[in-house]
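Asker: This is the structure I have questions about; it appears just below.
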Amino acid sequence: MLTVVGEDALVPRQRSRLPVLCAFALAALALVFALLLDTEQFNERARLVVLCIAVETTLYSTCLFAEEWINHSKQRYHGKISRIFQECFNRHVILGVVLIFLQLKLGGGSFSYEQLSTACLTCAVYLFSKSMGILGPTPVEISEICEVRKMNVAHGLAWSFYTGYLKFVLPELENKVTEYATRNQLNSPRLHILLPLNAAAPNKPEDDDNHVVFHENLPELELNRAGVRQRSYKNSIYKITGENNETYYCVLEYATPLQTLYQMSQDRNAGFGEKERKEQVLLFYRTLSQILENSLECRNRFRLVLIDDEHTDEPHYLSKEIIKHLNQQKGEIHMNPVQEHADLAHPLPEEGAVGDFNRALDDAFPEDQMNSLPTLMFSLPRSLRSGPVETTDDYGQHGARR
């Protein structure tokens with residue numbers, strides 16, 4: 001389950017299509033002004049502008065094509081010119097250039113030397129600006145491209161954390177927690193995953209807060225993974241002490257992929273600063289929460305706890321955040337099937353005349369304990385052409401045994 005205090009103030013939301021709508025509105029307004037200012041030559045000027053944009057884009061694509069063909073043809077494209085062409089040229093732009101030239105050729109129209117000079121000057125300014133990075137994408141555009149195409153470091157780390165760990169640990173955690181809860185007290189059956197905004201995940205939570213103390217480990221999970229026989233996976237239970245000396249017990253751990261982000265920010269070769277690290281932590285949080293919420297194996301078996309690094313000076317901030325999440329879960333509907341069956345086995349007693357009547361019926365006609373809980377029964381798959389099977393003898397023997 002995902003519920004974080006102050007989440008809207010920290011976790012970035014997905015970007016909307018507002019810039020596109022604004023661009024369309026401004027473009028329509030500009031077209032109206034251009035039409036009103038010069039109605040007679042509007043069509044001719046529009047063709048000239050479209051030609052300039054198409055030609056300058058095609059020329060810059062030709063420069064990209066030269067780089068890819070000369071230096072990267074074999075390594076990146078296996079010597080296929082068609083692939084290089086598809087990666088460098090925009091087919092819509094090329095189609096626009098072809099249509100304009102066909103219109104000029106077949107329609108008999110032409111541009112004056114002054115207009116052609118303006119077109120050449122526009123192309124030159126565009127190519128210079130593009131080469132010098134003046135017309136390059138803004139940081140917002142780069143961020144949006146990376147998010148839409150799932151190209152961020154956080155996306156890869158979140159999916160790796162899910163497929164390589166949480167996907168098979170969380171379903172098994174329920175059985176281990178149920179077995180442990182029969183002998184000890186546990187305030188929550190979920191795995192609490194701590195995500196510090198500064199990506200600094202210590203090896204021991206006690207290093208950040210001495211009110212969070214290791215209690216014991218749950219039974220190990222052993223799996224054969226990637227050639228390693230009986231690889232062991234552990235989950236730890238921690239004891240959390242509150243301000244009034246009340247104690248809580250829960251399963252928690254830090255998100256280990258955050259250590260990768262932290263180490264990248266400490267290595268200059270990674271080109272990863274503090275600002276980029278915080279952005280990637282928030283994207284990791286958002287991506288991981290979406291993955292786990294959409295996973296039937298992991299849903300309602302986890303709790304993401306986002307730790308704000310602005311409160312690092314407070315000695316017991318970590319324990320307060322964990323206790324806050326544990327208290328929030330008290331008001332949530334318990335989705336554990338074992339607990340649901342327990343509630344069905346011990347329903348709340350009814351009061352009044354209805355309760356007296358039902359108790360009298362139970363005393364007069366006691367119900368078989370084996371049938372007190374509703375169950376689903378499934379038969380094995382059988383062919384539609386198979387004939388009926390005689391089960392009279394089996395039923396008689398079963399009835400005799402009863």
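Labeling convention for the structure tokens: chains A, B, ... as they appear, residues from 1 per chain, ligands from 1 in order of appearance.
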Please run DSSP on the backbone and report, as a VMD selection string, all residues within range 217-302 of chain A that come out as helix (DSSP H, G or I).

Answerer: chain A and resid 257 to 266 268 to 270 274 to 293

Asker: Using only N, CA and C atoms, please write the residues we just selected to a file, as a short mmCIF file (atom, residue, chain, number, x, y, z; two decimals), in the first residue's frame.

Answerer:
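That gives us part25.cif:
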data_model
loop_
_atom_site.label_atom_id
_atom_site.label_comp_id
_atom_site.auth_asym_id
_atom_site.auth_seq_id
_atom_site.Cartn_x
_atom_site.Cartn_y
_atom_site.Cartn_z
N PRO A 257 18.92 -0.07 -4.30
CA PRO A 257 19.35 0.66 -5.50
C PRO A 257 19.71 2.12 -5.24
N LEU A 258 19.23 2.68 -4.12
CA LEU A 258 19.60 4.06 -3.83
C LEU A 258 21.09 4.21 -3.55
N GLN A 259 21.72 3.12 -3.09
CA GLN A 259 23.17 3.18 -2.88
C GLN A 259 23.90 3.39 -4.20
N THR A 260 23.34 2.85 -5.29
CA THR A 260 23.93 3.08 -6.61
C THR A 260 23.86 4.54 -6.99
N LEU A 261 22.70 5.17 -6.76
CA LEU A 261 22.57 6.59 -7.06
C LEU A 261 23.53 7.42 -6.22
N TYR A 262 23.70 7.05 -4.96
CA TYR A 262 24.59 7.81 -4.10
C TYR A 262 26.05 7.67 -4.55
N GLN A 263 26.46 6.46 -4.90
CA GLN A 263 27.83 6.25 -5.36
C GLN A 263 28.07 6.95 -6.69
N MET A 264 27.07 7.00 -7.56
CA MET A 264 27.22 7.72 -8.82
C MET A 264 27.43 9.21 -8.59
N SER A 265 26.74 9.76 -7.60
CA SER A 265 26.90 11.19 -7.32
C SER A 265 28.25 11.51 -6.72
N GLN A 266 28.94 10.50 -6.17
CA GLN A 266 30.26 10.72 -5.58
C GLN A 266 31.38 10.49 -6.59
N ARG A 268 32.99 11.44 -10.18
CA ARG A 268 32.92 12.48 -11.21
C ARG A 268 32.75 11.90 -12.60
N ASN A 269 33.16 10.67 -12.81
CA ASN A 269 33.01 10.06 -14.14
C ASN A 269 31.54 9.81 -14.50
N ALA A 270 30.69 9.73 -13.49
CA ALA A 270 29.27 9.49 -13.76
C ALA A 270 28.55 10.75 -14.19
N GLU A 274 24.26 16.49 -7.22
CA GLU A 274 23.29 16.35 -6.13
C GLU A 274 21.87 16.62 -6.62
N LYS A 275 21.72 17.60 -7.50
CA LYS A 275 20.39 17.91 -8.03
C LYS A 275 19.83 16.74 -8.83
N GLU A 276 20.67 16.18 -9.72
CA GLU A 276 20.22 15.04 -10.53
C GLU A 276 19.92 13.82 -9.65
N ARG A 277 20.71 13.67 -8.58
CA ARG A 277 20.49 12.52 -7.69
C ARG A 277 19.12 12.61 -7.02
N LYS A 278 18.75 13.79 -6.54
CA LYS A 278 17.45 13.94 -5.89
C LYS A 278 16.31 13.72 -6.88
N GLU A 279 16.46 14.22 -8.10
CA GLU A 279 15.43 13.99 -9.11
C GLU A 279 15.27 12.51 -9.40
N GLN A 280 16.38 11.79 -9.48
CA GLN A 280 16.31 10.36 -9.77
C GLN A 280 15.72 9.58 -8.60
N VAL A 281 15.96 10.01 -7.37
CA VAL A 281 15.36 9.34 -6.22
C VAL A 281 13.84 9.47 -6.25
N LEU A 282 13.36 10.68 -6.57
CA LEU A 282 11.91 10.88 -6.64
C LEU A 282 11.29 10.11 -7.80
N LEU A 283 11.99 10.06 -8.93
CA LEU A 283 11.48 9.26 -10.06
C LEU A 283 11.52 7.76 -9.73
N PHE A 284 12.54 7.34 -9.00
CA PHE A 284 12.61 5.95 -8.55
C PHE A 284 11.43 5.62 -7.65
N TYR A 285 11.11 6.52 -6.74
CA TYR A 285 9.97 6.33 -5.85
C TYR A 285 8.67 6.22 -6.65
N ARG A 286 8.46 7.14 -7.59
CA ARG A 286 7.22 7.13 -8.37
C ARG A 286 7.13 5.89 -9.25
N THR A 287 8.23 5.53 -9.90
CA THR A 287 8.21 4.37 -10.79
C THR A 287 8.01 3.08 -10.00
N LEU A 288 8.70 2.93 -8.89
CA LEU A 288 8.57 1.71 -8.08
C LEU A 288 7.16 1.57 -7.52
N SER A 289 6.57 2.67 -7.08
CA SER A 289 5.20 2.60 -6.55
C SER A 289 4.22 2.19 -7.64
N GLN A 290 4.39 2.70 -8.86
CA GLN A 290 3.51 2.30 -9.96
C GLN A 290 3.68 0.83 -10.30
N ILE A 291 4.91 0.36 -10.32
CA ILE A 291 5.17 -1.05 -10.64
C ILE A 291 4.53 -1.96 -9.60
N LEU A 292 4.73 -1.67 -8.33
CA LEU A 292 4.23 -2.53 -7.27
C LEU A 292 2.71 -2.48 -7.16
N GLU A 293 2.12 -1.31 -7.38
CA GLU A 293 0.66 -1.22 -7.32
C GLU A 293 0.01 -1.99 -8.46
#

Asker: Find the residues around Ile100 in chain A up to 12 Å (only C-alpha atoms counted), leave out those fewer than 5 positions away in its own chain, and share them as a PyMOL selection string.

Answerer: chain A and resi 44+46-55+93-95+105-111

Asker: Fewer than 6 positions away in the same chain doesn't count, so skip those; otherwise give me all residues within 10 Å of range 82-85 of chain A, counting only C-alpha atoms, as JSON, numbers by chain.

Answerer: {"A": [61, 62, 64, 65, 66, 67, 68, 69, 72, 73, 76, 91]}

Asker: Generate the output file for the selected residues, all heavy atoms, as a tab-separated table (two decimals), in the first residue's frame.

Answerer:
chain	number	residue	atom	x	y	z
A	61	SER	N	19.97	17.30	-40.91
A	61	SER	CA	19.91	15.83	-40.91
A	61	SER	C	20.98	15.24	-41.80
A	61	SER	O	21.51	14.16	-41.52
A	61	SER	CB	18.52	15.38	-41.36
A	61	SER	OG	17.52	15.84	-40.48
A	62	THR	N	21.32	15.93	-42.89
A	62	THR	CA	22.41	15.46	-43.75
A	62	THR	C	23.74	15.46	-43.00
A	62	THR	O	24.57	14.55	-43.18
A	62	THR	CB	22.50	16.35	-45.00
A	62	THR	OG1	21.23	16.38	-45.66
A	62	THR	CG2	23.56	15.82	-45.96
A	64	LEU	N	24.08	15.02	-39.76
A	64	LEU	CA	24.01	13.85	-38.88
A	64	LEU	C	24.25	12.56	-39.64
A	64	LEU	O	24.93	11.64	-39.15
A	64	LEU	CB	22.63	13.80	-38.20
A	64	LEU	CG	22.26	14.97	-37.29
A	64	LEU	CD1	20.84	14.79	-36.76
A	64	LEU	CD2	23.24	15.10	-36.14
A	65	PHE	N	23.72	12.49	-40.84
A	65	PHE	CA	23.91	11.31	-41.68
A	65	PHE	C	25.39	11.10	-41.99
A	65	PHE	O	25.88	9.95	-41.98
A	65	PHE	CB	23.10	11.46	-42.97
A	65	PHE	CG	23.20	10.28	-43.89
A	65	PHE	CD1	22.39	9.17	-43.71
A	65	PHE	CD2	24.11	10.27	-44.93
A	65	PHE	CE1	22.48	8.07	-44.56
A	65	PHE	CE2	24.22	9.19	-45.78
A	65	PHE	CZ	23.39	8.08	-45.60
A	66	ALA	N	26.11	12.20	-42.27
A	66	ALA	CA	27.54	12.08	-42.57
A	66	ALA	C	28.31	11.51	-41.38
A	66	ALA	O	29.18	10.64	-41.54
A	66	ALA	CB	28.09	13.45	-42.97
A	67	GLU	N	28.00	11.97	-40.18
A	67	GLU	CA	28.67	11.48	-38.97
A	67	GLU	C	28.40	9.99	-38.76
A	67	GLU	O	29.32	9.20	-38.50
A	67	GLU	CB	28.20	12.30	-37.77
A	67	GLU	CG	28.47	11.68	-36.41
A	67	GLU	CD	29.95	11.59	-36.08
A	67	GLU	OE1	30.75	12.33	-36.71
A	67	GLU	OE2	30.32	10.78	-35.21
A	68	GLU	N	27.14	9.60	-38.86
A	68	GLU	CA	26.78	8.21	-38.60
A	68	GLU	C	27.33	7.27	-39.68
A	68	GLU	O	27.76	6.16	-39.39
A	68	GLU	CB	25.25	8.08	-38.52
A	68	GLU	CG	24.62	8.90	-37.43
A	68	GLU	CD	25.10	8.51	-36.05
A	68	GLU	OE1	25.09	7.32	-35.73
A	68	GLU	OE2	25.50	9.43	-35.29
A	69	TRP	N	27.34	7.73	-40.93
A	69	TRP	CA	27.79	6.88	-42.02
A	69	TRP	C	29.30	6.70	-41.98
A	69	TRP	O	29.81	5.59	-42.18
A	69	TRP	CB	27.36	7.50	-43.36
A	69	TRP	CG	27.72	6.68	-44.56
A	69	TRP	CD1	27.82	5.32	-44.62
A	69	TRP	CD2	28.02	7.16	-45.86
A	69	TRP	NE1	28.16	4.91	-45.88
A	69	TRP	CE2	28.29	6.03	-46.68
A	69	TRP	CE3	28.07	8.44	-46.44
A	69	TRP	CZ2	28.63	6.14	-48.03
A	69	TRP	CZ3	28.39	8.54	-47.79
A	69	TRP	CH2	28.68	7.42	-48.57
A	72	HIS	N	30.19	5.50	-37.69
A	72	HIS	CA	29.43	4.53	-36.89
A	72	HIS	C	28.64	3.54	-37.73
A	72	HIS	O	27.75	2.87	-37.20
A	72	HIS	CB	28.46	5.28	-35.96
A	72	HIS	CG	29.10	6.36	-35.16
A	72	HIS	ND1	29.93	6.12	-34.09
A	72	HIS	CD2	29.05	7.71	-35.31
A	72	HIS	CE1	30.35	7.27	-33.59
A	72	HIS	NE2	29.84	8.26	-34.31
A	73	SER	N	28.93	3.46	-39.00
A	73	SER	CA	28.12	2.61	-39.88
A	73	SER	C	28.18	1.14	-39.48
A	73	SER	O	27.14	0.48	-39.37
A	73	SER	CB	28.57	2.78	-41.34
A	73	SER	OG	27.88	1.91	-42.19
A	76	ARG	N	27.19	0.57	-35.21
A	76	ARG	CA	25.83	0.84	-34.77
A	76	ARG	C	24.75	0.34	-35.72
A	76	ARG	O	23.63	0.02	-35.29
A	76	ARG	CB	25.63	2.35	-34.57
A	76	ARG	CG	26.49	2.95	-33.46
A	76	ARG	CD	26.32	4.46	-33.42
A	76	ARG	NE	27.16	5.09	-32.41
A	76	ARG	CZ	26.79	5.37	-31.17
A	76	ARG	NH1	25.56	5.07	-30.78
A	76	ARG	NH2	27.63	5.95	-30.33
A	91	ARG	N	10.86	11.65	-41.96
A	91	ARG	CA	10.16	11.40	-43.23
A	91	ARG	C	9.09	12.45	-43.51
A	91	ARG	O	8.79	12.73	-44.68
A	91	ARG	CB	9.55	10.00	-43.24
A	91	ARG	CG	8.53	9.74	-42.16
A	91	ARG	CD	7.95	8.33	-42.31
A	91	ARG	NE	6.96	8.03	-41.30
A	91	ARG	CZ	7.23	7.47	-40.13
A	91	ARG	NH1	8.47	7.19	-39.84
A	91	ARG	NH2	6.26	7.23	-39.26

Asker: Check the smallest atom-to-atom distance from each of A:Gly156, A:Leu36, A:Leu59, A:Asp309 to Leu195 in chain A using only C-alpha atoms, then report the winner.

Answerer: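 Closest candidate: A:Asp309.
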
Asker: Once DSSP has gone over the backbone, tell me which residues of range 8-204 of chain A are in strand (DSSP E or B), as a list in words.

Answerer: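 Everything in range 8-204 of chain A that counts as strand (DSSP E or B) is Leu191, His192, Ile193, Leu194, Leu195 and Pro196 of chain A.
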
Asker: Would you mind listing what lies within 12 Å of Ser295 in chain A as a PDB file with N, CA, C and O atoms, in the first residue's frame, with only C-alpha atoms counted and same-chain residues fewer than 4 positions away left out?

Answerer:
ATOM      1  N   MET A   1       0.850  -1.188   0.000  1.00  0.00           N
ATOM      2  CA  MET A   1       0.000   0.000   0.000  1.00  0.00           C
ATOM      3  C   MET A   1       0.879   1.228   0.000  1.00  0.00           C
ATOM      4  O   MET A   1       1.923   1.265   0.646  1.00  0.00           O
ATOM      5  N   TRP A 159      12.918  -1.066 -11.987  1.00  0.00           N
ATOM      6  CA  TRP A 159      12.543  -2.356 -12.592  1.00  0.00           C
ATOM      7  C   TRP A 159      13.483  -3.473 -12.155  1.00  0.00           C
ATOM      8  O   TRP A 159      13.058  -4.617 -11.952  1.00  0.00           O
ATOM      9  N   TYR A 162      12.517  -4.529  -8.692  1.00  0.00           N
ATOM     10  CA  TYR A 162      11.274  -5.310  -8.689  1.00  0.00           C
ATOM     11  C   TYR A 162      11.490  -6.726  -9.233  1.00  0.00           C
ATOM     12  O   TYR A 162      11.153  -7.710  -8.575  1.00  0.00           O
ATOM     13  N   THR A 163      12.045  -6.826 -10.423  1.00  0.00           N
ATOM     14  CA  THR A 163      12.185  -8.148 -11.051  1.00  0.00           C
ATOM     15  C   THR A 163      13.247  -9.012 -10.382  1.00  0.00           C
ATOM     16  O   THR A 163      13.141 -10.239 -10.395  1.00  0.00           O
ATOM     17  N   LEU A 166      11.931  -7.887  -5.312  1.00  0.00           N
ATOM     18  CA  LEU A 166      10.614  -7.745  -4.693  1.00  0.00           C
ATOM     19  C   LEU A 166       9.574  -8.689  -5.288  1.00  0.00           C
ATOM     20  O   LEU A 166       8.656  -9.117  -4.575  1.00  0.00           O
ATOM     21  N   LYS A 167       9.706  -9.027  -6.544  1.00  0.00           N
ATOM     22  CA  LYS A 167       8.687  -9.831  -7.217  1.00  0.00           C
ATOM     23  C   LYS A 167       8.535 -11.211  -6.595  1.00  0.00           C
ATOM     24  O   LYS A 167       7.430 -11.768  -6.567  1.00  0.00           O
ATOM     25  N   PHE A 168       9.620 -11.781  -6.074  1.00  0.00           N
ATOM     26  CA  PHE A 168       9.522 -13.109  -5.455  1.00  0.00           C
ATOM     27  C   PHE A 168       9.699 -13.068  -3.939  1.00  0.00           C
ATOM     28  O   PHE A 168       9.409 -14.051  -3.255  1.00  0.00           O
ATOM     29  N   LEU A 170       8.295 -10.498  -1.836  1.00  0.00           N
ATOM     30  CA  LEU A 170       7.064 -10.022  -1.201  1.00  0.00           C
ATOM     31  C   LEU A 170       5.985 -11.104  -1.084  1.00  0.00           C
ATOM     32  O   LEU A 170       5.342 -11.214  -0.036  1.00  0.00           O
ATOM     33  N   PRO A 171       5.723 -11.926  -2.115  1.00  0.00           N
ATOM     34  CA  PRO A 171       4.713 -12.983  -1.931  1.00  0.00           C
ATOM     35  C   PRO A 171       5.089 -13.982  -0.840  1.00  0.00           C
ATOM     36  O   PRO A 171       4.220 -14.445  -0.098  1.00  0.00           O
ATOM     37  N   LEU A 288       8.703   2.929  -8.886  1.00  0.00           N
ATOM     38  CA  LEU A 288       8.566   1.712  -8.083  1.00  0.00           C
ATOM     39  C   LEU A 288       7.157   1.574  -7.522  1.00  0.00           C
ATOM     40  O   LEU A 288       6.593   0.465  -7.504  1.00  0.00           O
ATOM     41  N   SER A 289       6.565   2.669  -7.075  1.00  0.00           N
ATOM     42  CA  SER A 289       5.203   2.598  -6.554  1.00  0.00           C
ATOM     43  C   SER A 289       4.215   2.190  -7.640  1.00  0.00           C
ATOM     44  O   SER A 289       3.299   1.389  -7.389  1.00  0.00           O
ATOM     45  N   GLN A 290       4.394   2.704  -8.860  1.00  0.00           N
ATOM     46  CA  GLN A 290       3.508   2.304  -9.957  1.00  0.00           C
ATOM     47  C   GLN A 290       3.683   0.827 -10.305  1.00  0.00           C
ATOM     48  O   GLN A 290       2.702   0.118 -10.556  1.00  0.00           O
ATOM     49  N   ILE A 291       4.910   0.359 -10.319  1.00  0.00           N
ATOM     50  CA  ILE A 291       5.166  -1.052 -10.636  1.00  0.00           C
ATOM     51  C   ILE A 291       4.532  -1.964  -9.599  1.00  0.00           C
ATOM     52  O   ILE A 291       3.849  -2.947  -9.935  1.00  0.00           O
ATOM     53  N   ARG A 299       0.991  -6.255  -4.551  1.00  0.00           N
ATOM     54  CA  ARG A 299       0.041  -5.248  -4.077  1.00  0.00           C
ATOM     55  C   ARG A 299      -0.382  -5.532  -2.637  1.00  0.00           C
ATOM     56  O   ARG A 299      -0.600  -6.683  -2.251  1.00  0.00           O
ATOM     57  N   ASN A 300      -0.466  -4.471  -1.827  1.00  0.00           N
ATOM     58  CA  ASN A 300      -0.862  -4.545  -0.413  1.00  0.00           C
ATOM     59  C   ASN A 300       0.122  -5.324   0.449  1.00  0.00           C
ATOM     60  O   ASN A 300      -0.217  -5.738   1.561  1.00  0.00           O
ATOM     61  N   ARG A 301       1.330  -5.518  -0.052  1.00  0.00           N
ATOM     62  CA  ARG A 301       2.350  -6.219   0.730  1.00  0.00           C
ATOM     63  C   ARG A 301       3.576  -5.343   0.987  1.00  0.00           C
ATOM     64  O   ARG A 301       4.598  -5.854   1.436  1.00  0.00           O
ATOM     65  N   PHE A 302       3.492  -4.068   0.722  1.00  0.00           N
ATOM     66  CA  PHE A 302       4.643  -3.185   0.868  1.00  0.00           C
ATOM     67  C   PHE A 302       4.173  -1.832   1.382  1.00  0.00           C
ATOM     68  O   PHE A 302       2.977  -1.520   1.383  1.00  0.00           O
TER      69      PHE A 302
END

Asker: Which residues of range 104-205 of chain A have any atom within 10 Å of an atom in range 311-330 of chain A when counting only C-alpha atoms, and what is the closest pair of atoms for each, with the distance in Å to one decimal? Order the rows by chain and rising number and write it as CSV.

Answerer:
residue,atom,partner,partner_atom,distance
A:Asn187,CA,A:Leu326,CA,7.0
A:Ser188,CA,A:Leu326,CA,6.8
A:Arg190,CA,A:Leu326,CA,9.8
A:His192,CA,A:Ile322,CA,8.3
A:Leu194,CA,A:Ile322,CA,8.9
A:Pro196,CA,A:Leu318,CA,9.8
A:Asn198,CA,A:Thr312,CA,9.9
A:Pro205,CA,A:Leu318,CA,8.5

Asker: Output all heavy atoms for every residue in the selection just made, as an mmCIF file, in the first residue's frame.

Answerer:
data_model
loop_
_atom_site.group_PDB
_atom_site.id
_atom_site.type_symbol
_atom_site.label_atom_id
_atom_site.label_comp_id
_atom_site.auth_asym_id
_atom_site.auth_seq_id
_atom_site.Cartn_x
_atom_site.Cartn_y
_atom_site.Cartn_z
ATOM 1 N N ASN A 187 3.388 -5.282 14.331
ATOM 2 C CA ASN A 187 2.412 -4.219 14.113
ATOM 3 C C ASN A 187 1.946 -4.115 12.670
ATOM 4 O O ASN A 187 0.906 -3.502 12.397
ATOM 5 C CB ASN A 187 3.003 -2.876 14.545
ATOM 6 C CG ASN A 187 3.235 -2.805 16.046
ATOM 7 O OD1 ASN A 187 4.297 -3.164 16.533
ATOM 8 N ND2 ASN A 187 2.229 -2.378 16.793
ATOM 9 N N SER A 188 2.673 -4.670 11.726
ATOM 10 C CA SER A 188 2.274 -4.616 10.323
ATOM 11 C C SER A 188 2.878 -5.808 9.586
ATOM 12 O O SER A 188 4.046 -6.145 9.808
ATOM 13 C CB SER A 188 2.746 -3.308 9.670
ATOM 14 O OG SER A 188 2.470 -3.321 8.286
ATOM 15 N N ARG A 190 3.479 -5.878 6.425
ATOM 16 C CA ARG A 190 4.062 -5.418 5.163
ATOM 17 C C ARG A 190 5.547 -5.144 5.305
ATOM 18 O O ARG A 190 6.054 -4.913 6.407
ATOM 19 C CB ARG A 190 3.349 -4.151 4.692
ATOM 20 C CG ARG A 190 1.879 -4.375 4.362
ATOM 21 C CD ARG A 190 1.152 -3.068 4.206
ATOM 22 N NE ARG A 190 -0.261 -3.280 3.853
ATOM 23 C CZ ARG A 190 -1.181 -2.352 3.895
ATOM 24 N NH1 ARG A 190 -0.858 -1.134 4.286
ATOM 25 N NH2 ARG A 190 -2.425 -2.618 3.565
ATOM 26 N N HIS A 192 8.369 -2.590 4.875
ATOM 27 C CA HIS A 192 8.527 -1.140 4.828
ATOM 28 C C HIS A 192 9.870 -0.825 4.168
ATOM 29 O O HIS A 192 10.937 -1.181 4.686
ATOM 30 C CB HIS A 192 8.466 -0.551 6.234
ATOM 31 C CG HIS A 192 7.128 -0.721 6.882
ATOM 32 N ND1 HIS A 192 6.672 -1.945 7.342
ATOM 33 C CD2 HIS A 192 6.129 0.171 7.142
ATOM 34 C CE1 HIS A 192 5.463 -1.796 7.851
ATOM 35 N NE2 HIS A 192 5.110 -0.529 7.742
ATOM 36 N N LEU A 194 12.461 1.913 2.985
ATOM 37 C CA LEU A 194 12.860 3.282 3.288
ATOM 38 C C LEU A 194 13.596 3.876 2.096
ATOM 39 O O LEU A 194 14.499 3.245 1.535
ATOM 40 C CB LEU A 194 13.763 3.312 4.522
ATOM 41 C CG LEU A 194 13.227 2.599 5.775
ATOM 42 C CD1 LEU A 194 14.223 2.725 6.916
ATOM 43 C CD2 LEU A 194 11.873 3.159 6.172
ATOM 44 N N PRO A 196 15.475 7.372 1.438
ATOM 45 C CA PRO A 196 15.955 8.721 1.776
ATOM 46 C C PRO A 196 16.123 9.566 0.517
ATOM 47 O O PRO A 196 16.595 9.079 -0.517
ATOM 48 C CB PRO A 196 17.303 8.467 2.456
ATOM 49 C CG PRO A 196 17.372 6.989 2.691
ATOM 50 C CD PRO A 196 16.467 6.344 1.708
ATOM 51 N N ASN A 198 18.221 11.897 -0.012
ATOM 52 C CA ASN A 198 19.634 12.088 -0.346
ATOM 53 C C ASN A 198 20.309 10.804 -0.787
ATOM 54 O O ASN A 198 21.519 10.798 -1.042
ATOM 55 C CB ASN A 198 20.379 12.694 0.846
ATOM 56 C CG ASN A 198 20.263 11.840 2.097
ATOM 57 O OD1 ASN A 198 19.708 10.738 2.078
ATOM 58 N ND2 ASN A 198 20.777 12.352 3.199
ATOM 59 N N PRO A 205 20.085 0.908 10.262
ATOM 60 C CA PRO A 205 19.239 2.059 10.604
ATOM 61 C C PRO A 205 19.590 2.693 11.941
ATOM 62 O O PRO A 205 19.305 3.868 12.166
ATOM 63 C CB PRO A 205 17.827 1.452 10.631
ATOM 64 C CG PRO A 205 17.924 0.220 9.804
ATOM 65 C CD PRO A 205 19.312 -0.300 10.000
#

Asker: I'd like the interatomic distance between CA of Asp209 in chain A and CA of Leu191 in chain A, to a tenth of an Å.

Answerer: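 It comes out at 18.9 Å.
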
Asker: Just the number, please: distance in Å from CA of Val97 in chain A to CA of Thr57 in chain A, one decimal.

Answerer: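 These atoms are spaced 10.1 Å apart.
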
Asker: Quick one: distance from CA of Phe89 in chain A to CA of Leu121 in chain A in Å, one decimal?

Answerer: 22.0 Å

Asker: What's around Ile193 in chain A at 7 Å? Count only C-alpha atoms, leave out sequence neighbours fewer than 5 positions away in its own chain, and write the answer as a PyMOL selection string.

Answerer: chain A and resi 252-255+303-305

Asker: Just to be explicit: take each residue in the selection above, keep N, CA, C and O atoms, and write the result as a compact mmCIF listing (two decimals), in the first residue's frame.

Answerer:
# COMPACT_ATOMS: atom_id res chain seq x y z
N LEU A 252 11.45 -3.95 7.95
CA LEU A 252 11.86 -2.78 7.16
C LEU A 252 13.27 -2.97 6.64
O LEU A 252 14.06 -3.78 7.15
N GLU A 253 13.57 -2.22 5.59
CA GLU A 253 14.90 -2.20 4.99
C GLU A 253 14.99 -0.99 4.07
O GLU A 253 13.98 -0.44 3.65
N TYR A 254 16.21 -0.59 3.78
CA TYR A 254 16.43 0.49 2.82
C TYR A 254 16.37 -0.07 1.40
O TYR A 254 16.66 -1.25 1.17
N ALA A 255 15.97 0.78 0.47
CA ALA A 255 15.99 0.39 -0.95
C ALA A 255 17.45 0.38 -1.42
O ALA A 255 18.07 1.44 -1.57
N ARG A 303 5.16 -1.05 1.79
CA ARG A 303 4.91 0.33 2.23
C ARG A 303 6.16 1.13 1.92
O ARG A 303 7.24 0.82 2.41
N LEU A 304 6.04 2.14 1.07
CA LEU A 304 7.17 2.99 0.74
C LEU A 304 7.19 4.18 1.70
O LEU A 304 6.21 4.90 1.82
N VAL A 305 8.33 4.35 2.34
CA VAL A 305 8.49 5.43 3.32
C VAL A 305 9.54 6.39 2.78
O VAL A 305 10.73 6.07 2.74

Asker: Write out as number ranges by chain each polymer residue whose atoms come within 6 Å of Ile240 in chain A, counting only C-alpha atoms; drop sequence neighbours fewer than 5 positions from it.

Answerer: A: 211-212, 247-248
